[in-house]
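A.B. asks: Just dropping this structure here.
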Amino acid sequence: MEPTVSAILAAGAVGGFAVTAITCWLLIPALHRLHFGQTIREEGPTWHSKKNGTPTMGGFMFIFAILIASVVGYFMLSQGKNDLWHGTQVEIARYWGTILLAVSFGIIGFVDD
């Protein structure tokens with residue numbers, strides 16, 4: 001029995017959340033150990049100083065989850081015969097173009113931090 005499109009999309013959403021949660025659980029302590037934290041300038045409000053040392057590269061876990069969920073989703077959708085994915089060159093280019101755009105925004109955020 002072939003899975004439905006809704007089941008594949010739901011599995012992708014749950015899988016993406018799971019990858020993000022696991023990556024967060026592993027990445028945040030590693031960033032603390034490596035001292036990848038933001039420094040707060042003295043010009044700002046005094047209550048803002050408690051953010052000093054907060055890891056600034058937590059977006060890695062979201063980019064990683066997007067990549068993992070996209071690759072798994074691509075293979076799941078390309079194997080099945082359903083109405084959502086016809087596998088034309090234009091659809092494949094749009095799919096990976098969207099993923100590339102999301103990763104590019106992540107890279108911009110990384111450079112900005």
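Chain labels follow the order of the structure tokens: the first chain is A, the next B, and so on; residue numbering restarts at 1 in every chain, and ligands are counted from 1 in their shown order.
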Please identify all polymer residues within 6 Å of A:Ala65, counting only C-alpha atoms, omitting same-chain residues fewer than 4 positions from it, and present them as a VMD selection string.
C.D. replies: chain A and resid 16 19 to 20 69
A.B. asks: Work out how far atom CA of A:Leu77 is from atom CA of A:Trp96, in Å to one decimal.
C.D. replies: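 Between atom CA of A:Trp96 and atom CA of A:Leu77 the gap is 13.4 Å.
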A.B. asks: Do you have the atom CA of A:Thr4-atom CA of A:Val72 distance handy?
C.D. replies: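 Computing the Euclidean distance for atom CA of A:Thr4 and atom CA of A:Val72 yields 15.3 Å.
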A.B. asks: With only C-alpha atoms as the counted atoms, please give the residues lying no more than 9 Å from stretch 99-104 of chain A, apart from itself and same-chain residues fewer than 2 positions off, as a compact mmCIF listing (two decimals) with N, CA, C and O atoms, in the first residue's frame.
C.D. replies:
# COMPACT_ATOMS: atom_id res chain seq x y z
N ILE A 63 18.56 24.86 9.66
CA ILE A 63 19.06 24.61 8.31
C ILE A 63 19.33 23.12 8.12
O ILE A 63 18.98 22.53 7.09
N PHE A 64 19.92 22.48 9.13
CA PHE A 64 20.18 21.05 9.06
C PHE A 64 18.87 20.27 8.93
O PHE A 64 18.77 19.35 8.12
N ILE A 66 16.02 21.37 7.72
CA ILE A 66 15.45 21.63 6.39
C ILE A 66 16.12 20.72 5.36
O ILE A 66 15.44 20.11 4.52
N LEU A 67 17.43 20.62 5.41
CA LEU A 67 18.14 19.78 4.45
C LEU A 67 17.78 18.31 4.59
O LEU A 67 17.51 17.63 3.60
N SER A 70 14.15 17.73 3.54
CA SER A 70 13.99 17.92 2.09
C SER A 70 14.52 16.74 1.30
O SER A 70 13.89 16.29 0.34
N ARG A 94 12.30 23.73 -9.13
CA ARG A 94 11.61 24.56 -8.13
C ARG A 94 11.84 24.03 -6.72
O ARG A 94 12.05 24.80 -5.78
N TYR A 95 11.76 22.73 -6.57
CA TYR A 95 11.95 22.10 -5.26
C TYR A 95 13.32 22.44 -4.69
O TYR A 95 13.45 22.97 -3.60
N TRP A 96 14.36 22.13 -5.47
CA TRP A 96 15.71 22.37 -4.98
C TRP A 96 16.06 23.85 -4.96
O TRP A 96 16.88 24.28 -4.15
N GLY A 97 15.45 24.64 -5.83
CA GLY A 97 15.65 26.09 -5.77
C GLY A 97 15.13 26.69 -4.48
O GLY A 97 15.76 27.56 -3.88
N GLY A 106 19.99 31.18 5.47
CA GLY A 106 20.71 30.73 6.65
C GLY A 106 22.17 31.16 6.63
O GLY A 106 22.73 31.55 7.66
N ILE A 107 22.79 31.10 5.45
CA ILE A 107 24.18 31.53 5.31
C ILE A 107 24.29 33.04 5.55
O ILE A 107 25.23 33.50 6.21
N ILE A 108 23.34 33.80 5.05
CA ILE A 108 23.34 35.24 5.29
C ILE A 108 23.23 35.52 6.79
O ILE A 108 23.93 36.38 7.34
N GLY A 109 22.35 34.78 7.48
CA GLY A 109 22.24 34.94 8.94
C GLY A 109 23.52 34.57 9.66
O GLY A 109 23.92 35.21 10.64
A.B. asks: Restricting the calculation to only C-alpha atoms, which member of A:Ala21, A:Ile28, A:Ile92, A:Met76 is positioned closest to A:Ala7?
C.D. replies: A:Met76
A.B. asks: Atom CA of A:Trp25 and atom CA of A:Thr46 are how many Å apart?
C.D. replies: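 Going from atom CA of A:Trp25 over to atom CA of A:Thr46 covers 29.5 Å.
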